[in-house]
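Engineer: Take a look at this one; I'll ask things after.
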Amino acid sequence: MSVSTPTRIRVGSGQVGDAAGPNSYDVVVGSGLLGELPGLLAGARRVLVVHPRALRTTGEAIRADLLEQGYEAVLAEVPDGEDAKNSQVAAFCWGVLGQAGFTRSDAVVGVGGGSTTDLAGFVAATWLRGVRVIQVPTTLLAMVDAAVGGKTGVNTAEGKNLVGSFHPPGGVLCDLATLATLPRNDLVAGLAEVVKTGFIADPRILELVEADPGLATDPASPVLRELIERSIAVKARVVTEDLKESSLREILNYGHTFAHAVEQVERYSWRHGAAVSVGMIYAAELGRLAGRTPEALVDRHRAVLGSLGLPLTYRGDRWDALLTAMRRDKKTRGDLLRFIVLEDVGRPARLEGPDPALLVSAYGEVSP
Ligand SMILES: NC(=O)c1ccc[n+]([C@@H]2O[C@H](COP(=O)([O-])OP(=O)(O)OC[C@H]3O[C@@H](n4cnc5c(N)ncnc54)[C@H](O)[C@@H]3O)[C@@H](O)[C@H]2O)c1
């Protein structure tokens with residue numbers, strides 16, 4: 001595979017079998033993809049480029065390119081990371097759109113990590129009841145997860161992602177060159193989601209990491225590129241069949257029930273990927289205790305995640321808070337806790353309402 005040839009992964013609209021309908025789109029993976037942007041703007045005349053402070057240079061370069069091509073391009077610089085995901089920052093963006101006279105045929109481009117693409121997607125979903133959004137993710141997590149699949153949203157004082165909408169993008173451009181400036185801890189955290197897609201659907205991902213974890217964490221390596229493409233392909237397959245998380249999409253939540261609880265208890269000071277790493281080990285141990293997950297597969301979780309430097313344990317004195325948080329999780333139906341467990345690599349299954357004693361024992365297995 002030539003490094004310069006972009007790879008295109010098709011994402012369908014969420015209706016079974018619809019990989020080529022009017023709401024389907026391509027996720028393009030490669031280097032130097034700016035030239036692809038005009039082709040995705042579908043006749044827009046005005047373009048709002050939303051970017052965080054840390055990516056000012058990238059935002060300005062995109063704007064300059066669009067201006068050169070005859071677009072009216074406007075920048076909305078927003079705070080870095082999670083600080084941008086709230087209604088005040090969304091209102092700031094709506095103000096910019098209103099002042100520049102954006103119409104329903106104009107477009108928004110989200111450039112940044114998952115916080116920025118979630119915000120930009122939400123702004124696009126709500127402006128005039130929905131305008132086109134093109135996502136340009138610049139973190140590994142946003143490339144393989146946040147920017148793909150059409151979930152958008154902001155946080156409120158009461159919790160994360162409580163306000164939002166499903167608004168699939170018109171296209172996603174994953175420019176691998178942007179990963180060069182990403183702090184290593186963010187890259188490694190993003191790999192937790194990559195490993196997750198390996199466990200639920202693509203054994204080759206696990207083999208690639210096991211063969212050389214060093215290459216998996218090197219932004220310039222073709223191994224990382226293959227991991228990203230494979231991981232996006234898994235997500236694309238799942239959301240093509242189930243946009244709104246009615247059933248199949250739940251498998252993407254592997255490890256997430258426990259992970260979200262850890263994030264909440266730690267007041268979001270943990271990176272999402274780090275929490276997902278421990279969350280997968282929790283789910284694997286729970287699956288083993290419930291007689292569903294083979295022991296060797298649990299060991300494989302620790303080996304793969306550990307080789308990337310991801311955390312494998314969580315402090316042992318937080319059970320009550322974790323359980324309360326798990327019960328409050330959006331994915332919980334009624335009072336029944338639901339987990340995805342693995343019967344094998346690529347064979348996810350549901351575990352509903354497990355015996356509370358198993359939940360506590362699995363916690364014991366992930367605390368040092
Ligand atoms: N919509 C979804 O389906 C979905 C899925 C998973 C996660 N998310 C959301 O994604 C968010 C987390 O996203 P994230 O992990 O990408 O982090 P982030 O967007 O919060 O970015 C982390 C930091 O990295 C900076 N940054 C981004 N790209 C950079 C680059 N190339 N070089 C240097 N710095 C860069 C950002 O400005 C920020 O300071 C959370 O809000 C989460 O809820 C959404």
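Quick note on naming: the chains in the structure tokens go A, B, ... in the order shown, residues restart at 1 in each chain, and ligands are numbered from 1 in order of appearance.
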When the cut-off is 6 Å and you count only C-alpha atoms and all ligand atoms, which residues lie near ligand 1, shown as a compact mmCIF listing (two decimals) with all heavy atoms, in the first residue's frame?

Structural biologist:
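File produced: pocket-v6.txt:
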# COMPACT_ATOMS: atom_id res chain seq x y z
N PRO A 52 -9.92 24.07 17.57
CA PRO A 52 -9.47 24.49 18.90
C PRO A 52 -8.23 25.38 18.78
O PRO A 52 -7.56 25.38 17.73
CB PRO A 52 -9.13 23.18 19.59
CG PRO A 52 -8.73 22.26 18.48
CD PRO A 52 -9.49 22.68 17.27
N ALA A 54 -5.31 25.00 19.92
CA ALA A 54 -4.07 24.26 19.63
C ALA A 54 -3.89 24.03 18.13
O ALA A 54 -2.76 23.79 17.67
CB ALA A 54 -4.09 22.92 20.36
N ASP A 80 -9.69 24.50 23.78
CA ASP A 80 -9.15 23.15 23.56
C ASP A 80 -9.97 22.12 24.32
O ASP A 80 -10.44 22.36 25.43
CB ASP A 80 -7.71 23.09 24.07
CG ASP A 80 -6.75 23.73 23.08
OD1 ASP A 80 -6.77 23.31 21.92
OD2 ASP A 80 -6.03 24.66 23.48
N GLY A 81 -10.11 20.97 23.70
CA GLY A 81 -10.67 19.81 24.37
C GLY A 81 -12.09 20.02 24.89
O GLY A 81 -12.90 20.77 24.31
N GLU A 82 -12.36 19.37 26.01
CA GLU A 82 -13.71 19.30 26.59
C GLU A 82 -14.30 20.68 26.90
O GLU A 82 -15.52 20.83 26.92
CB GLU A 82 -13.59 18.46 27.87
CG GLU A 82 -14.76 17.59 28.22
CD GLU A 82 -15.14 16.49 27.22
OE1 GLU A 82 -14.26 15.90 26.57
OE2 GLU A 82 -16.34 16.23 27.10
N GLY A 112 -10.26 18.90 14.57
CA GLY A 112 -9.74 18.74 15.92
C GLY A 112 -10.00 17.36 16.47
O GLY A 112 -10.31 16.42 15.73
N GLY A 113 -9.89 17.24 17.79
CA GLY A 113 -10.18 15.97 18.45
C GLY A 113 -11.69 15.77 18.56
O GLY A 113 -12.49 16.56 18.04
N GLY A 114 -12.06 14.72 19.30
CA GLY A 114 -13.48 14.37 19.43
C GLY A 114 -14.31 15.48 20.05
O GLY A 114 -15.49 15.64 19.72
N SER A 115 -13.71 16.27 20.96
CA SER A 115 -14.49 17.36 21.57
C SER A 115 -14.90 18.35 20.50
O SER A 115 -16.05 18.81 20.47
CB SER A 115 -13.65 18.10 22.61
OG SER A 115 -13.19 17.21 23.59
N THR A 116 -13.97 18.68 19.62
CA THR A 116 -14.27 19.66 18.57
C THR A 116 -15.22 19.09 17.53
O THR A 116 -16.14 19.78 17.09
CB THR A 116 -12.95 20.12 17.88
OG1 THR A 116 -11.98 20.37 18.87
CG2 THR A 116 -13.19 21.36 17.05
N ASP A 118 -17.41 16.71 17.95
CA ASP A 118 -18.74 16.60 18.58
C ASP A 118 -19.45 17.96 18.58
O ASP A 118 -20.64 18.05 18.28
CB ASP A 118 -18.62 16.13 20.04
CG ASP A 118 -18.58 14.60 20.16
OD1 ASP A 118 -18.48 13.92 19.11
OD2 ASP A 118 -18.66 14.10 21.29
N THR A 138 -8.28 15.08 14.22
CA THR A 138 -6.82 15.20 14.33
C THR A 138 -6.26 14.44 15.52
O THR A 138 -5.09 14.58 15.85
CB THR A 138 -6.42 16.69 14.45
OG1 THR A 138 -7.02 17.20 15.66
CG2 THR A 138 -6.88 17.51 13.26
N THR A 139 -7.11 13.68 16.23
CA THR A 139 -6.59 12.76 17.26
C THR A 139 -6.92 11.35 16.79
O THR A 139 -7.85 11.16 15.99
CB THR A 139 -7.24 12.98 18.64
OG1 THR A 139 -8.64 12.69 18.54
CG2 THR A 139 -7.06 14.40 19.15
N LEU A 141 -8.31 9.04 18.59
CA LEU A 141 -9.65 8.71 19.07
C LEU A 141 -10.73 9.27 18.15
O LEU A 141 -11.71 8.60 17.84
CB LEU A 141 -9.86 9.26 20.48
CG LEU A 141 -11.26 8.92 21.02
CD1 LEU A 141 -11.23 7.59 21.75
CD2 LEU A 141 -11.82 10.01 21.90
N ALA A 142 -10.53 10.50 17.70
CA ALA A 142 -11.54 11.11 16.83
C ALA A 142 -11.57 10.40 15.47
O ALA A 142 -12.63 10.22 14.87
CB ALA A 142 -11.26 12.60 16.66
N ASP A 145 -13.15 6.87 16.12
CA ASP A 145 -14.40 6.77 16.87
C ASP A 145 -15.28 8.01 16.75
O ASP A 145 -16.32 7.99 16.07
CB ASP A 145 -14.05 6.49 18.36
CG ASP A 145 -15.24 5.99 19.14
OD1 ASP A 145 -16.34 5.88 18.56
OD2 ASP A 145 -15.10 5.69 20.35
N ALA A 146 -14.86 9.13 17.38
CA ALA A 146 -15.79 10.26 17.55
C ALA A 146 -16.31 10.83 16.23
O ALA A 146 -17.48 11.18 16.12
CB ALA A 146 -15.11 11.35 18.37
N LYS A 151 -22.73 10.64 15.75
CA LYS A 151 -23.20 11.11 17.06
C LYS A 151 -22.55 12.45 17.33
O LYS A 151 -21.33 12.60 17.22
CB LYS A 151 -22.76 10.13 18.15
CG LYS A 151 -23.63 8.91 18.26
CD LYS A 151 -23.58 8.41 19.71
CE LYS A 151 -23.11 7.01 19.81
NZ LYS A 151 -22.85 6.61 21.20
N THR A 152 -23.36 13.44 17.70
CA THR A 152 -22.82 14.77 18.00
C THR A 152 -23.39 15.20 19.34
O THR A 152 -24.41 14.67 19.77
CB THR A 152 -23.26 15.81 16.95
OG1 THR A 152 -24.64 16.14 17.18
CG2 THR A 152 -23.08 15.29 15.54
N THR A 178 -1.48 14.85 10.77
CA THR A 178 -1.84 15.65 11.95
C THR A 178 -1.45 14.94 13.25
O THR A 178 -1.30 15.56 14.28
CB THR A 178 -3.36 15.97 11.99
OG1 THR A 178 -4.09 14.74 12.05
CG2 THR A 178 -3.80 16.78 10.80
N LEU A 179 -1.29 13.61 13.19
CA LEU A 179 -0.97 12.86 14.41
C LEU A 179 0.45 13.14 14.91
O LEU A 179 0.78 12.82 16.06
CB LEU A 179 -1.14 11.36 14.18
CG LEU A 179 -2.58 10.89 13.90
CD1 LEU A 179 -2.61 9.39 13.65
CD2 LEU A 179 -3.51 11.26 15.04
N THR A 181 1.84 15.77 15.86
CA THR A 181 1.94 16.69 17.00
C THR A 181 1.13 16.22 18.21
O THR A 181 1.13 16.87 19.25
CB THR A 181 1.43 18.11 16.60
OG1 THR A 181 0.10 17.97 16.07
CG2 THR A 181 2.33 18.75 15.56
N LEU A 182 0.44 15.12 18.06
CA LEU A 182 -0.42 14.64 19.15
C LEU A 182 0.43 14.08 20.29
O LEU A 182 1.29 13.23 20.05
CB LEU A 182 -1.35 13.54 18.61
CG LEU A 182 -2.47 13.09 19.54
CD1 LEU A 182 -3.48 14.22 19.77
CD2 LEU A 182 -3.19 11.87 18.96

Engineer: Go through range 74-187 of chain A and flag each residue having an atom no more than 12 Å from range 61-65 of chain A; for those, report the closest pair of atoms plus their distance in Å to one decimal, using only C-alpha atoms, ordered by chain and rising number, as CSV.

Structural biologist:
residue,atom,partner,partner_atom,distance
A:Val74,CA,A:Arg63,CA,7.0
A:Leu75,CA,A:Arg63,CA,7.1
A:Ala76,CA,A:Arg63,CA,10.6
A:Glu77,CA,A:Arg63,CA,11.9
A:Val108,CA,A:Arg63,CA,11.7
A:Val109,CA,A:Ile62,CA,9.4
A:Gly110,CA,A:Ile62,CA,10.8
A:Val111,CA,A:Ile62,CA,9.2
A:Val136,CA,A:Ile62,CA,10.3

Engineer: Extract, using only C-alpha atoms, all DNA, RNA and protein residues at most 10 Å from Asp320 in chain A, discarding same-chain residues fewer than 5 positions from it, and format them as number ranges by chain.

Structural biologist: A: 325-326, 360

Engineer: Calculate how many Å separate CA of Ile281 in chain A from CA of Asp202 in chain A, rounding to one decimal.

Structural biologist: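 Between these atoms lies a distance of 17.8 Å.
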
Engineer: Among the residues of range 88-220 of chain A, find those DSSP assigns to strand (DSSP E or B) from the backbone and print them as a PyMOL selection string.

Structural biologist: chain A and resi 107-112+132-137+151-156+159-166+171-175

Engineer: What does the file look like for those residues with C-alpha atoms, as a compact mmCIF listing (two decimals), in the first residue's frame?

Structural biologist:
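Result written to again.txt:
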# COMPACT_ATOMS: atom_id res chain seq x y z
CA ALA A 107 -21.43 23.89 5.51
CA VAL A 108 -19.43 23.45 8.73
CA VAL A 109 -16.00 21.82 8.94
CA GLY A 110 -14.88 20.43 12.32
CA VAL A 111 -11.10 20.26 12.72
CA GLY A 112 -9.74 18.74 15.92
CA ARG A 132 -23.75 19.69 6.12
CA VAL A 133 -20.74 18.92 8.32
CA ILE A 134 -17.37 17.61 7.16
CA GLN A 135 -15.19 16.23 9.93
CA VAL A 136 -11.39 16.53 9.92
CA PRO A 137 -10.35 14.55 13.04
CA LYS A 151 -23.20 11.11 17.06
CA THR A 152 -22.82 14.77 18.00
CA GLY A 153 -23.35 16.60 21.25
CA VAL A 154 -22.34 18.84 24.11
CA ASN A 155 -22.12 18.44 27.88
CA THR A 156 -24.29 20.13 30.50
CA GLY A 159 -23.22 15.34 32.81
CA LYS A 160 -21.39 14.49 29.60
CA ASN A 161 -23.05 14.24 26.19
CA LEU A 162 -26.52 14.83 27.62
CA VAL A 163 -27.59 17.08 24.75
CA GLY A 164 -27.02 16.09 21.16
CA SER A 165 -28.29 14.55 18.00
CA PHE A 166 -27.52 11.96 15.37
CA GLY A 171 -17.44 13.08 4.77
CA VAL A 172 -14.55 12.47 7.16
CA LEU A 173 -10.92 13.27 6.31
CA CYS A 174 -8.34 11.51 8.51
CA ASP A 175 -5.05 13.21 7.70

Engineer: List as a list in words the protein and nucleic acid residues near Arg318 in chain A, meaning an atom at most 12 Å away when only C-alpha atoms are counted, but skip any in the same chain fewer than 5 places from it.

Structural biologist: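 Within the cut-off, the hits are Phe258, Ala261, Val262, Gln264, Val265, Glu266, Leu323, Thr324, Ala325, Val360, Tyr363, Gly364, Val366 and Ser367 of chain A.
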
Engineer: Taking into account only C-alpha atoms, which residue in the set A:Ser221, A:Thr5, A:Glu158, A:Thr197 is nearest to Ala233 in chain A?

Structural biologist: A:Thr197

Engineer: I'd like the interatomic distance between CA of Arg300 in chain A and CA of Val195 in chain A, to a tenth of an Å.

Structural biologist: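 CA of Val195 in chain A lies 11.1 Å from CA of Arg300 in chain A.
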
Engineer: Could you tell me which of A:Asp212, A:Glu263, A:Asp335, A:Asp26 comes closest to Leu322 in chain A if we count only C-alpha atoms?

Structural biologist: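 Checking each candidate against Leu322 in chain A, we get A:Glu263 as the closest.
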
Engineer: Between A:Leu310, A:Val49, A:Val27, A:Leu67, which residue has the minimum interatomic distance to Ile228 in chain A, considering only C-alpha atoms?

Structural biologist: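 Using only C-alpha atoms, Ile228 in chain A sits closest to A:Val27.
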
Engineer: Just the alpha helix (DSSP H) stuff from range 114-360 of chain A, please, per backbone DSSP, written as a ChimeraX atom specification.

Structural biologist: /A:114-126,140-141,184-201,203-211,213-216,222-241,256-265,272-289,295-307,319-328,356-360

Engineer: Within 7 Å of Phe339 in chain A, counting only C-alpha atoms, which residues show up once you throw out same-chain ones fewer than 3 positions away? Write them as a compact mmCIF listing (two decimals) with N, CA and C atoms, in the first residue's frame, please.

Structural biologist:
# COMPACT_ATOMS: atom_id res chain seq x y z
N THR A 257 -19.20 0.40 29.98
CA THR A 257 -20.05 0.61 31.16
C THR A 257 -19.16 0.93 32.37
N ARG A 350 -24.38 -10.28 24.73
CA ARG A 350 -24.93 -9.44 25.80
C ARG A 350 -24.97 -10.19 27.13
N LEU A 351 -24.68 -9.48 28.21
CA LEU A 351 -24.86 -10.05 29.55
C LEU A 351 -25.76 -9.07 30.30
N GLU A 352 -26.98 -9.49 30.56
CA GLU A 352 -27.95 -8.58 31.17
C GLU A 352 -28.21 -8.96 32.61
